[in-house]
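Peer 1: One structure, pasted below without further comment.
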Amino acid sequence: MKVRIFVRKMMLAGVAAMAPCLCLADDFGTWTSVAVEKKFSPKFAAALWGEYRTKDNASNTDRWVWEIRGDYKPIKHFTVTGSYMLLYDHNRGKSGEDQLGRYSAPAYFGIRHRFNVKLAASYQIDNVAIAVREVWQYTYRPEKSIPCNYDETGEPREMVVNGKGHNALRSMLTLTYKIPDSRFSPFVSAESFNSWTYTEGRYKAGTGFSIDKHNSVQLYYMLNDFAATPTRHTIGTAYKYSF
């Protein structure tokens, strides 16, 4: 009983802390995802997942994502996951100067490849589920040529965006309260990104809703403190079909 009361207070405090952020003038975006999961046995499962993200107050496309993953549960409360993701990102236009003079390049879409290895553990106390997760992710951006114009000549040229790889460790803690005799499961979570140093934090508050045995949906608000992106506030919807 004390654990449930403590978790409820923590979840309410998380929601209250993030609510004022909705009133700020920062950029707003949406994340919408669909997943199909097949459970082959109590230990093995596979899934296909896709997501669409918007930015600039939900007026422009930010990213398309497609993922294929496999889950293995060697023991109770512990899961190992491997996945591959294909990211199709919108990159903003930029201007600068190089050996040929000042230039301007338009916005463009580019592909990135991402590989993930995830270790997750969960434990339930009464109606409270506590979950921790560690993910190592490696992302590779292939080299790409984009058109650009130089101010002095006005001639169209091509700029080469060099290929680049990036490693990150993502750590997340999630608290979920399963309301008795209800299809709703409110939750709060905190996630940190580290690439030798702290680079990003994401904080969520929302609820899951079980439609029936095979269908479920999750609604949430997320605050992002990543300085390199103006999209700090996100409203997300995640649908999953399991069979």
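Chain lettering (A, B, ...) mirrors the order of the structure tokens, residue numbering begins at 1 for each chain separately, and ligand numbering begins at 1 in order of display.
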Extract, using only C-alpha atoms, all DNA, RNA and protein residues at most 10 Å from Lys43 in chain A, discarding same-chain residues fewer than 2 positions from it, and format them as a compact mmCIF listing (two decimals) with all heavy atoms, in the first residue's frame.
Peer 2:
```txt
# COMPACT_ATOMS: atom_id res chain seq x y z
N LYS A 39 4.05 -12.96 -31.13
CA LYS A 39 4.66 -13.74 -30.07
C LYS A 39 4.71 -15.20 -30.49
O LYS A 39 3.67 -15.86 -30.60
CB LYS A 39 3.87 -13.57 -28.77
CG LYS A 39 3.90 -12.15 -28.23
CD LYS A 39 3.13 -12.03 -26.92
CE LYS A 39 3.19 -10.60 -26.38
NZ LYS A 39 2.45 -10.42 -25.11
N PHE A 40 5.91 -15.71 -30.73
CA PHE A 40 6.08 -17.09 -31.17
C PHE A 40 6.04 -18.07 -30.00
O PHE A 40 5.66 -19.22 -30.16
CB PHE A 40 7.40 -17.23 -31.92
CG PHE A 40 7.46 -16.42 -33.18
CD1 PHE A 40 8.10 -15.18 -33.18
CD2 PHE A 40 6.87 -16.87 -34.35
CE1 PHE A 40 8.16 -14.42 -34.34
CE2 PHE A 40 6.93 -16.11 -35.51
CZ PHE A 40 7.57 -14.89 -35.51
N SER A 41 6.46 -17.61 -28.82
CA SER A 41 6.46 -18.42 -27.61
C SER A 41 6.60 -17.47 -26.43
O SER A 41 6.78 -16.26 -26.63
CB SER A 41 7.63 -19.42 -27.64
OG SER A 41 8.87 -18.74 -27.45
N ALA A 45 9.67 -13.17 -29.49
CA ALA A 45 8.70 -12.31 -30.16
C ALA A 45 9.43 -11.48 -31.22
O ALA A 45 10.64 -11.24 -31.13
CB ALA A 45 7.99 -11.39 -29.17
N ASP A 71 12.76 -9.96 -29.92
CA ASP A 71 12.87 -9.97 -28.46
C ASP A 71 13.10 -11.39 -27.96
O ASP A 71 12.47 -12.34 -28.45
CB ASP A 71 11.59 -9.43 -27.81
CG ASP A 71 11.29 -8.01 -28.21
OD1 ASP A 71 12.24 -7.24 -28.39
OD2 ASP A 71 10.10 -7.66 -28.33
N TYR A 72 13.96 -11.51 -26.97
CA TYR A 72 14.22 -12.80 -26.33
C TYR A 72 14.18 -12.61 -24.82
O TYR A 72 14.82 -11.71 -24.28
CB TYR A 72 15.57 -13.37 -26.75
CG TYR A 72 15.97 -14.60 -26.00
CD1 TYR A 72 15.19 -15.76 -26.05
CD2 TYR A 72 17.14 -14.62 -25.22
CE1 TYR A 72 15.55 -16.91 -25.35
CE2 TYR A 72 17.51 -15.76 -24.53
CZ TYR A 72 16.71 -16.90 -24.59
OH TYR A 72 17.06 -18.03 -23.89
N LYS A 73 13.40 -13.47 -24.15
CA LYS A 73 13.24 -13.37 -22.70
C LYS A 73 13.86 -14.60 -22.06
O LYS A 73 13.21 -15.64 -21.89
CB LYS A 73 11.75 -13.28 -22.35
CG LYS A 73 11.48 -12.84 -20.93
CD LYS A 73 9.99 -12.51 -20.75
CE LYS A 73 9.74 -11.93 -19.37
NZ LYS A 73 8.33 -11.51 -19.21
N PRO A 74 15.15 -14.54 -21.68
CA PRO A 74 15.83 -15.73 -21.14
C PRO A 74 15.31 -16.15 -19.77
O PRO A 74 15.26 -17.34 -19.45
CB PRO A 74 17.30 -15.29 -21.07
CG PRO A 74 17.23 -13.80 -20.95
CD PRO A 74 16.04 -13.38 -21.75
N ILE A 75 14.94 -15.17 -18.94
CA ILE A 75 14.42 -15.45 -17.61
C ILE A 75 13.29 -14.46 -17.32
O ILE A 75 13.14 -13.45 -18.01
CB ILE A 75 15.50 -15.33 -16.51
CG1 ILE A 75 16.12 -13.93 -16.53
CG2 ILE A 75 16.56 -16.40 -16.68
CD1 ILE A 75 17.12 -13.68 -15.41
N LYS A 76 12.53 -14.75 -16.29
CA LYS A 76 11.43 -13.87 -15.90
C LYS A 76 11.96 -12.49 -15.54
O LYS A 76 13.03 -12.37 -14.93
CB LYS A 76 10.69 -14.49 -14.71
CG LYS A 76 9.41 -13.77 -14.33
CD LYS A 76 8.72 -14.49 -13.18
CE LYS A 76 7.41 -13.77 -12.80
NZ LYS A 76 6.73 -14.46 -11.67
N THR A 79 14.53 -9.02 -20.50
CA THR A 79 14.36 -9.15 -21.95
C THR A 79 15.57 -8.58 -22.68
O THR A 79 16.09 -7.52 -22.30
CB THR A 79 13.10 -8.41 -22.44
OG1 THR A 79 11.96 -8.88 -21.71
CG2 THR A 79 12.87 -8.64 -23.93
```
Peer 1: Which polymer residues have any atom within 6 Å of an atom of Phe28 in chain A, counting only C-alpha atoms, with same-chain residues fewer than 2 positions away left out, as a ChimeraX atom specification?
Peer 2: /A:57,231,233-234
Peer 1: Give me a file of those residues, with all heavy atoms, as an mmCIF file, in the first residue's frame.
Peer 2:
```cif
data_model
loop_
_atom_site.group_PDB
_atom_site.id
_atom_site.type_symbol
_atom_site.label_atom_id
_atom_site.label_comp_id
_atom_site.auth_asym_id
_atom_site.auth_seq_id
_atom_site.Cartn_x
_atom_site.Cartn_y
_atom_site.Cartn_z
ATOM 1 N N ASN A 57 5.756 23.358 -34.891
ATOM 2 C CA ASN A 57 4.357 23.412 -34.442
ATOM 3 C C ASN A 57 3.469 22.478 -35.245
ATOM 4 O O ASN A 57 2.338 22.815 -35.618
ATOM 5 C CB ASN A 57 3.841 24.848 -34.494
ATOM 6 C CG ASN A 57 4.561 25.741 -33.499
ATOM 7 O OD1 ASN A 57 4.832 25.337 -32.373
ATOM 8 N ND2 ASN A 57 4.904 26.949 -33.919
ATOM 9 N N THR A 231 12.333 21.434 -31.040
ATOM 10 C CA THR A 231 11.090 20.730 -30.710
ATOM 11 C C THR A 231 11.171 20.196 -29.284
ATOM 12 O O THR A 231 11.612 19.079 -29.049
ATOM 13 C CB THR A 231 10.829 19.582 -31.697
ATOM 14 O OG1 THR A 231 10.907 20.073 -33.032
ATOM 15 C CG2 THR A 231 9.458 18.973 -31.467
ATOM 16 N N HIS A 233 8.422 20.174 -27.055
ATOM 17 C CA HIS A 233 7.153 19.636 -26.581
ATOM 18 C C HIS A 233 6.533 18.744 -27.647
ATOM 19 O O HIS A 233 6.360 19.151 -28.793
ATOM 20 C CB HIS A 233 6.191 20.774 -26.235
ATOM 21 C CG HIS A 233 6.800 21.779 -25.313
ATOM 22 N ND1 HIS A 233 7.082 21.498 -23.994
ATOM 23 C CD2 HIS A 233 7.214 23.056 -25.524
ATOM 24 C CE1 HIS A 233 7.622 22.558 -23.427
ATOM 25 N NE2 HIS A 233 7.722 23.513 -24.338
ATOM 26 N N THR A 234 6.196 17.515 -27.254
ATOM 27 C CA THR A 234 5.672 16.532 -28.206
ATOM 28 C C THR A 234 4.441 15.847 -27.612
ATOM 29 O O THR A 234 4.438 15.456 -26.444
ATOM 30 C CB THR A 234 6.723 15.456 -28.534
ATOM 31 O OG1 THR A 234 7.869 16.098 -29.110
ATOM 32 C CG2 THR A 234 6.181 14.428 -29.498
#
```
Peer 1: Output as a PyMOL selection string all residues of range 40-132 of chain A that backbone DSSP marks as strand (DSSP E or B).
Peer 2: chain A and resi 44-55+60-75+78-91+94-98+101-105+108-125+128-132
Peer 1: Of the candidates A:Thr207, A:Ser95, A:Asn116, A:Thr54, which shows the shortest atom-to-atom distance to Lys178 in chain A, using only C-alpha atoms?
Peer 2: A:Thr207
Peer 1: At a cut-off of 6 Å, using only C-alpha atoms, what residues contact Thr32 in chain A? Leave out same-chain residues fewer than 2 positions from it and give the result as a list in words.
Peer 2: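 Neighbouring residues, sequence-local ones excluded: Glu51, Tyr52, Gly236, Thr237 and Ala238 of chain A.
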Peer 1: Counting only C-alpha atoms, which residue out of A:Gly101, A:Asn162, A:Leu169, A:Pro147 sits closest to Phe115 in chain A?
Peer 2: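 Looking only at the distances to Phe115 in chain A, the closest residue turns out to be A:Leu169.
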Peer 1: Quick one, how far is CA of Arg112 in chain A from CA of Leu87 in chain A?
Peer 2: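 CA of Leu87 in chain A lies at a distance of 5.0 Å from CA of Arg112 in chain A.
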Peer 1: Quick one: everything within 7 Å of Val217 in chain A, counting only C-alpha atoms, minus sequence neighbours fewer than 5 positions away in the same chain. Send it as a PyMOL selection string.
Peer 2: chain A and resi 208-210+238-240
Peer 1: Atoms to include: all heavy atoms. Write the selected residues as an mmCIF file, in the first residue's frame.
Peer 2:
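After the write, out14.cif holds the following:
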```
data_model
loop_
_atom_site.group_PDB
_atom_site.id
_atom_site.type_symbol
_atom_site.label_atom_id
_atom_site.label_comp_id
_atom_site.auth_asym_id
_atom_site.auth_seq_id
_atom_site.Cartn_x
_atom_site.Cartn_y
_atom_site.Cartn_z
ATOM 1 N N GLY A 208 -1.539 4.244 -20.973
ATOM 2 C CA GLY A 208 -1.848 3.192 -21.923
ATOM 3 C C GLY A 208 -3.316 2.836 -21.809
ATOM 4 O O GLY A 208 -3.939 3.047 -20.758
ATOM 5 N N PHE A 209 -3.892 2.315 -22.900
ATOM 6 C CA PHE A 209 -5.293 1.910 -22.884
ATOM 7 C C PHE A 209 -5.429 0.605 -23.654
ATOM 8 O O PHE A 209 -5.039 0.521 -24.827
ATOM 9 C CB PHE A 209 -6.188 2.973 -23.518
ATOM 10 C CG PHE A 209 -7.641 2.588 -23.567
ATOM 11 C CD1 PHE A 209 -8.416 2.624 -22.423
ATOM 12 C CD2 PHE A 209 -8.230 2.160 -24.756
ATOM 13 C CE1 PHE A 209 -9.756 2.264 -22.452
ATOM 14 C CE2 PHE A 209 -9.564 1.794 -24.798
ATOM 15 C CZ PHE A 209 -10.340 1.844 -23.643
ATOM 16 N N SER A 210 -5.936 -0.423 -22.980
ATOM 17 C CA SER A 210 -6.124 -1.731 -23.601
ATOM 18 C C SER A 210 -7.495 -1.788 -24.260
ATOM 19 O O SER A 210 -8.523 -1.764 -23.581
ATOM 20 C CB SER A 210 -5.985 -2.836 -22.548
ATOM 21 O OG SER A 210 -6.222 -4.101 -23.113
ATOM 22 N N ALA A 238 0.673 6.046 -29.818
ATOM 23 C CA ALA A 238 1.314 4.797 -30.227
ATOM 24 C C ALA A 238 0.281 3.664 -30.198
ATOM 25 O O ALA A 238 -0.287 3.367 -29.142
ATOM 26 C CB ALA A 238 2.484 4.460 -29.307
ATOM 27 N N TYR A 239 0.060 3.047 -31.349
ATOM 28 C CA TYR A 239 -0.889 1.924 -31.450
ATOM 29 C C TYR A 239 -0.108 0.641 -31.650
ATOM 30 O O TYR A 239 0.887 0.598 -32.392
ATOM 31 C CB TYR A 239 -1.837 2.136 -32.623
ATOM 32 C CG TYR A 239 -2.617 0.890 -33.002
ATOM 33 C CD1 TYR A 239 -3.704 0.468 -32.253
ATOM 34 C CD2 TYR A 239 -2.220 0.117 -34.101
ATOM 35 C CE1 TYR A 239 -4.403 -0.686 -32.589
ATOM 36 C CE2 TYR A 239 -2.898 -1.050 -34.442
ATOM 37 C CZ TYR A 239 -3.995 -1.439 -33.688
ATOM 38 O OH TYR A 239 -4.671 -2.599 -34.020
ATOM 39 N N LYS A 240 -0.564 -0.449 -31.005
ATOM 40 C CA LYS A 240 0.090 -1.757 -31.158
ATOM 41 C C LYS A 240 -0.931 -2.867 -31.295
ATOM 42 O O LYS A 240 -1.924 -2.898 -30.579
ATOM 43 C CB LYS A 240 1.006 -2.052 -29.958
ATOM 44 C CG LYS A 240 1.784 -3.362 -30.131
ATOM 45 C CD LYS A 240 2.820 -3.555 -29.049
ATOM 46 C CE LYS A 240 2.238 -3.937 -27.724
ATOM 47 N NZ LYS A 240 3.257 -4.330 -26.724
#
```
Peer 1: Extract, using only C-alpha atoms, all DNA, RNA and protein residues at most 12 Å from Leu119 in chain A, discarding same-chain residues fewer than 3 positions from it, and format them as a compact mmCIF listing (two decimals) with all heavy atoms, in the first residue's frame.
Peer 2:
```txt
# COMPACT_ATOMS: atom_id res chain seq x y z
N ASP A 71 12.76 -9.96 -29.92
CA ASP A 71 12.87 -9.97 -28.46
C ASP A 71 13.10 -11.39 -27.96
O ASP A 71 12.47 -12.34 -28.45
CB ASP A 71 11.59 -9.43 -27.81
CG ASP A 71 11.29 -8.01 -28.21
OD1 ASP A 71 12.24 -7.24 -28.39
OD2 ASP A 71 10.10 -7.66 -28.33
N TYR A 72 13.96 -11.51 -26.97
CA TYR A 72 14.22 -12.80 -26.33
C TYR A 72 14.18 -12.61 -24.82
O TYR A 72 14.82 -11.71 -24.28
CB TYR A 72 15.57 -13.37 -26.75
CG TYR A 72 15.97 -14.60 -26.00
CD1 TYR A 72 15.19 -15.76 -26.05
CD2 TYR A 72 17.14 -14.62 -25.22
CE1 TYR A 72 15.55 -16.91 -25.35
CE2 TYR A 72 17.51 -15.76 -24.53
CZ TYR A 72 16.71 -16.90 -24.59
OH TYR A 72 17.06 -18.03 -23.89
N LYS A 73 13.40 -13.47 -24.15
CA LYS A 73 13.24 -13.37 -22.70
C LYS A 73 13.86 -14.60 -22.06
O LYS A 73 13.21 -15.64 -21.89
CB LYS A 73 11.75 -13.28 -22.35
CG LYS A 73 11.48 -12.84 -20.93
CD LYS A 73 9.99 -12.51 -20.75
CE LYS A 73 9.74 -11.93 -19.37
NZ LYS A 73 8.33 -11.51 -19.21
N PRO A 74 15.15 -14.54 -21.68
CA PRO A 74 15.83 -15.73 -21.14
C PRO A 74 15.31 -16.15 -19.77
O PRO A 74 15.26 -17.34 -19.45
CB PRO A 74 17.30 -15.29 -21.07
CG PRO A 74 17.23 -13.80 -20.95
CD PRO A 74 16.04 -13.38 -21.75
N HIS A 77 11.26 -11.47 -15.93
CA HIS A 77 11.56 -10.07 -15.64
C HIS A 77 12.68 -9.48 -16.50
O HIS A 77 13.02 -8.30 -16.33
CB HIS A 77 11.94 -9.86 -14.15
CG HIS A 77 10.96 -10.39 -13.17
ND1 HIS A 77 9.63 -10.00 -13.17
CD2 HIS A 77 11.10 -11.29 -12.17
CE1 HIS A 77 9.00 -10.62 -12.18
NE2 HIS A 77 9.86 -11.42 -11.57
N PHE A 78 13.27 -10.24 -17.42
CA PHE A 78 14.43 -9.75 -18.16
C PHE A 78 14.26 -10.03 -19.65
O PHE A 78 13.89 -11.14 -20.04
CB PHE A 78 15.71 -10.42 -17.65
CG PHE A 78 16.97 -9.86 -18.23
CD1 PHE A 78 17.47 -8.64 -17.81
CD2 PHE A 78 17.66 -10.56 -19.21
CE1 PHE A 78 18.64 -8.13 -18.35
CE2 PHE A 78 18.83 -10.06 -19.75
CZ PHE A 78 19.32 -8.84 -19.32
N THR A 79 14.53 -9.02 -20.50
CA THR A 79 14.36 -9.15 -21.95
C THR A 79 15.57 -8.58 -22.68
O THR A 79 16.09 -7.52 -22.30
CB THR A 79 13.10 -8.41 -22.44
OG1 THR A 79 11.96 -8.88 -21.71
CG2 THR A 79 12.87 -8.64 -23.93
N VAL A 80 15.98 -9.28 -23.73
CA VAL A 80 17.06 -8.82 -24.61
C VAL A 80 16.46 -8.57 -25.99
O VAL A 80 15.73 -9.40 -26.52
CB VAL A 80 18.19 -9.86 -24.71
CG1 VAL A 80 19.31 -9.35 -25.63
CG2 VAL A 80 18.75 -10.19 -23.34
N THR A 81 16.78 -7.41 -26.58
CA THR A 81 16.21 -7.03 -27.87
C THR A 81 17.29 -6.55 -28.82
O THR A 81 18.22 -5.84 -28.42
CB THR A 81 15.18 -5.89 -27.70
OG1 THR A 81 14.13 -6.34 -26.84
CG2 THR A 81 14.59 -5.47 -29.04
N GLY A 82 17.17 -6.95 -30.08
CA GLY A 82 18.03 -6.44 -31.14
C GLY A 82 17.15 -5.89 -32.25
O GLY A 82 16.11 -6.48 -32.56
N SER A 83 17.55 -4.77 -32.85
CA SER A 83 16.71 -4.18 -33.90
C SER A 83 17.53 -3.39 -34.90
O SER A 83 18.65 -2.95 -34.63
CB SER A 83 15.64 -3.27 -33.28
OG SER A 83 16.22 -2.09 -32.76
N ASN A 116 20.30 -1.20 -32.77
CA ASN A 116 20.07 -1.12 -31.33
C ASN A 116 20.22 -2.48 -30.66
O ASN A 116 19.78 -3.50 -31.20
CB ASN A 116 18.65 -0.61 -31.03
CG ASN A 116 18.37 0.75 -31.62
OD1 ASN A 116 18.91 1.75 -31.19
ND2 ASN A 116 17.52 0.79 -32.63
N SER A 122 12.00 -5.65 -15.62
CA SER A 122 10.77 -5.09 -15.03
C SER A 122 10.36 -5.92 -13.83
O SER A 122 10.66 -7.12 -13.74
CB SER A 122 9.64 -5.07 -16.07
OG SER A 122 9.34 -6.39 -16.51
N ALA A 131 10.11 -0.45 -14.44
CA ALA A 131 10.89 -0.97 -15.56
C ALA A 131 12.14 -0.11 -15.77
O ALA A 131 12.06 1.13 -15.71
CB ALA A 131 10.05 -1.00 -16.84
N VAL A 132 13.27 -0.77 -16.00
CA VAL A 132 14.51 -0.08 -16.34
C VAL A 132 14.99 -0.63 -17.68
O VAL A 132 14.76 -1.80 -18.00
CB VAL A 132 15.59 -0.25 -15.26
CG1 VAL A 132 15.20 0.45 -13.99
CG2 VAL A 132 15.86 -1.73 -15.00
N ARG A 133 15.66 0.22 -18.45
CA ARG A 133 16.09 -0.18 -19.79
C ARG A 133 17.39 0.50 -20.16
O ARG A 133 17.58 1.70 -19.91
CB ARG A 133 15.02 0.22 -20.81
CG ARG A 133 15.23 -0.33 -22.20
CD ARG A 133 14.60 0.58 -23.23
NE ARG A 133 15.29 1.86 -23.29
CZ ARG A 133 14.86 2.90 -23.98
NH1 ARG A 133 13.71 2.85 -24.60
NH2 ARG A 133 15.55 4.04 -24.01
N GLU A 134 18.30 -0.27 -20.75
CA GLU A 134 19.54 0.28 -21.28
C GLU A 134 19.61 -0.08 -22.77
O GLU A 134 19.39 -1.24 -23.14
CB GLU A 134 20.76 -0.29 -20.56
CG GLU A 134 20.91 0.14 -19.11
CD GLU A 134 21.31 1.60 -18.97
OE1 GLU A 134 21.84 2.17 -19.96
OE2 GLU A 134 21.10 2.17 -17.89
N VAL A 135 19.91 0.91 -23.60
CA VAL A 135 20.02 0.68 -25.04
C VAL A 135 21.35 1.23 -25.54
O VAL A 135 21.69 2.39 -25.27
CB VAL A 135 18.87 1.37 -25.82
CG1 VAL A 135 19.07 1.21 -27.33
CG2 VAL A 135 17.53 0.80 -25.40
N TRP A 136 22.09 0.40 -26.25
CA TRP A 136 23.23 0.89 -27.02
C TRP A 136 22.76 1.05 -28.45
O TRP A 136 22.19 0.13 -29.03
CB TRP A 136 24.41 -0.09 -26.98
CG TRP A 136 25.47 0.27 -27.99
CD1 TRP A 136 26.40 1.25 -27.90
CD2 TRP A 136 25.65 -0.34 -29.27
NE1 TRP A 136 27.17 1.30 -29.04
CE2 TRP A 136 26.73 0.33 -29.91
CE3 TRP A 136 25.02 -1.38 -29.95
CZ2 TRP A 136 27.19 -0.02 -31.17
CZ3 TRP A 136 25.47 -1.73 -31.23
CH2 TRP A 136 26.54 -1.05 -31.81
N GLN A 137 22.95 2.24 -29.01
CA GLN A 137 22.54 2.46 -30.38
C GLN A 137 23.70 3.03 -31.20
O GLN A 137 24.46 3.88 -30.74
CB GLN A 137 21.32 3.38 -30.47
CG GLN A 137 21.56 4.83 -30.20
CD GLN A 137 20.31 5.68 -30.42
OE1 GLN A 137 19.18 5.22 -30.24
NE2 GLN A 137 20.50 6.94 -30.78
N LEU A 169 24.36 5.76 -25.60
CA LEU A 169 23.79 4.88 -24.58
C LEU A 169 22.56 5.57 -24.01
O LEU A 169 22.63 6.71 -23.56
CB LEU A 169 24.80 4.61 -23.46
CG LEU A 169 24.32 3.67 -22.34
CD1 LEU A 169 24.12 2.26 -22.89
CD2 LEU A 169 25.33 3.65 -21.19
N ARG A 170 21.43 4.86 -24.07
CA ARG A 170 20.16 5.42 -23.61
C ARG A 170 19.67 4.65 -22.38
O ARG A 170 19.52 3.44 -22.43
CB ARG A 170 19.12 5.37 -24.73
CG ARG A 170 19.54 6.10 -25.97
CD ARG A 170 18.62 5.84 -27.15
NE ARG A 170 17.23 6.16 -26.87
CZ ARG A 170 16.27 6.13 -27.80
NH1 ARG A 170 16.56 5.79 -29.05
NH2 ARG A 170 15.03 6.44 -27.47
N SER A 171 19.43 5.38 -21.30
CA SER A 171 18.98 4.77 -20.05
C SER A 171 17.60 5.32 -19.70
O SER A 171 17.38 6.53 -19.74
CB SER A 171 19.95 5.10 -18.92
OG SER A 171 21.27 4.74 -19.28
N MET A 172 16.67 4.42 -19.34
CA MET A 172 15.31 4.87 -19.06
C MET A 172 14.72 4.16 -17.85
O MET A 172 14.93 2.96 -17.66
CB MET A 172 14.40 4.65 -20.28
CG MET A 172 12.99 5.23 -20.10
SD MET A 172 12.05 5.33 -21.63
CE MET A 172 11.66 3.60 -21.88
```
Peer 1: Suppose you want the space between CA of Lys164 in chain A and CA of Thr139 in chain A; what is it in Å?
Peer 2: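 Between CA of Lys164 in chain A and CA of Thr139 in chain A the gap works out to 8.3 Å.
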Peer 1: Could you give me, as a PDB file with C-alpha atoms, in the first residue's frame, the residues within 12 Å of Ala129 in chain A, counting only C-alpha atoms and dropping anything in the same chain fewer than 2 positions from it?
Peer 2:
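out-v4.pdb was written with the following content:
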```pdb
ATOM      1  CA  VAL A   3       4.495   1.650  -2.448  1.00  0.00           C
ATOM      2  CA  ARG A   4       1.323   2.429  -4.410  1.00  0.00           C
ATOM      3  CA  VAL A   7       4.282   5.905  -6.905  1.00  0.00           C
ATOM      4  CA  ARG A   8       1.003   7.794  -7.304  1.00  0.00           C
ATOM      5  CA  HIS A  77      11.559 -10.069 -15.635  1.00  0.00           C
ATOM      6  CA  ALA A 121      14.158  -5.521 -16.692  1.00  0.00           C
ATOM      7  CA  SER A 122      10.772  -5.093 -15.035  1.00  0.00           C
ATOM      8  CA  TYR A 123       9.194  -5.935 -11.717  1.00  0.00           C
ATOM      9  CA  GLN A 124       5.671  -5.482 -10.384  1.00  0.00           C
ATOM     10  CA  ILE A 125       4.724  -4.597  -6.810  1.00  0.00           C
ATOM     11  CA  ASP A 126       0.956  -4.720  -6.292  1.00  0.00           C
ATOM     12  CA  ASN A 127      -0.401  -2.596  -9.159  1.00  0.00           C
ATOM     13  CA  ALA A 131      10.893  -0.968 -15.560  1.00  0.00           C
ATOM     14  CA  VAL A 132      14.506  -0.076 -16.343  1.00  0.00           C
ATOM     15  CA  LEU A 173      13.204   4.383 -15.922  1.00  0.00           C
ATOM     16  CA  THR A 174       9.427   3.909 -16.217  1.00  0.00           C
ATOM     17  CA  LEU A 175       6.763   3.727 -13.495  1.00  0.00           C
ATOM     18  CA  THR A 176       3.346   2.401 -14.524  1.00  0.00           C
ATOM     19  CA  TYR A 177       0.258   2.155 -12.360  1.00  0.00           C
ATOM     20  CA  LYS A 178      -2.265  -0.479 -13.432  1.00  0.00           C
ATOM     21  CA  ILE A 179      -5.642   0.773 -12.227  1.00  0.00           C
ATOM     22  CA  SER A 185      -2.457   2.318 -17.171  1.00  0.00           C
ATOM     23  CA  PRO A 186      -0.980   5.791 -16.471  1.00  0.00           C
ATOM     24  CA  PHE A 187       2.794   6.106 -16.497  1.00  0.00           C
ATOM     25  CA  VAL A 188       5.741   8.481 -16.190  1.00  0.00           C
ATOM     26  CA  SER A 189       9.244   7.926 -17.542  1.00  0.00           C
TER      27      SER A 189
END
```
Peer 1: Tell me which of A:Tyr103, A:Trp196, A:Phe243, A:Tyr138 sits closest to Met159 in chain A, counting only C-alpha atoms.
Peer 2: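 Closest residue, counting only C-alpha atoms: A:Tyr103.
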Peer 1: Need the shell around range 223-225 of chain A: protein/DNA/RNA residues with any atom at most 6 Å away, counting only C-alpha atoms. Skip same-chain ones fewer than 2 positions apart. Format as a list in words?
Peer 2: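 With the cut-off at 6 Å, the set is Gly201, Arg202, Tyr203, Arg232 and His233 of chain A.
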Peer 1: Output the selection as a compact mmCIF listing (two decimals), in the first residue's frame - N, CA and C atoms for each residue.
Peer 2:
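See result-v4.txt below for the written result:
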```txt
# COMPACT_ATOMS: atom_id res chain seq x y z
N GLY A 201 17.81 14.59 -22.68
CA GLY A 201 16.90 13.99 -21.74
C GLY A 201 15.48 14.07 -22.26
N ARG A 202 14.70 13.02 -22.06
CA ARG A 202 13.30 12.99 -22.45
C ARG A 202 12.46 12.57 -21.25
N TYR A 203 11.36 13.30 -21.02
CA TYR A 203 10.51 13.04 -19.87
C TYR A 203 9.07 12.91 -20.35
N ARG A 232 10.74 21.00 -28.32
CA ARG A 232 10.82 20.60 -26.92
C ARG A 232 9.57 19.88 -26.46
N HIS A 233 8.42 20.17 -27.05
CA HIS A 233 7.15 19.64 -26.58
C HIS A 233 6.53 18.74 -27.65
```
Peer 1: DSSP on the backbone: which residues in range 5-229 of chain A end up as helix (DSSP H, G or I)? Give the answer as a ChimeraX atom specification.
Peer 2: /A:5-23
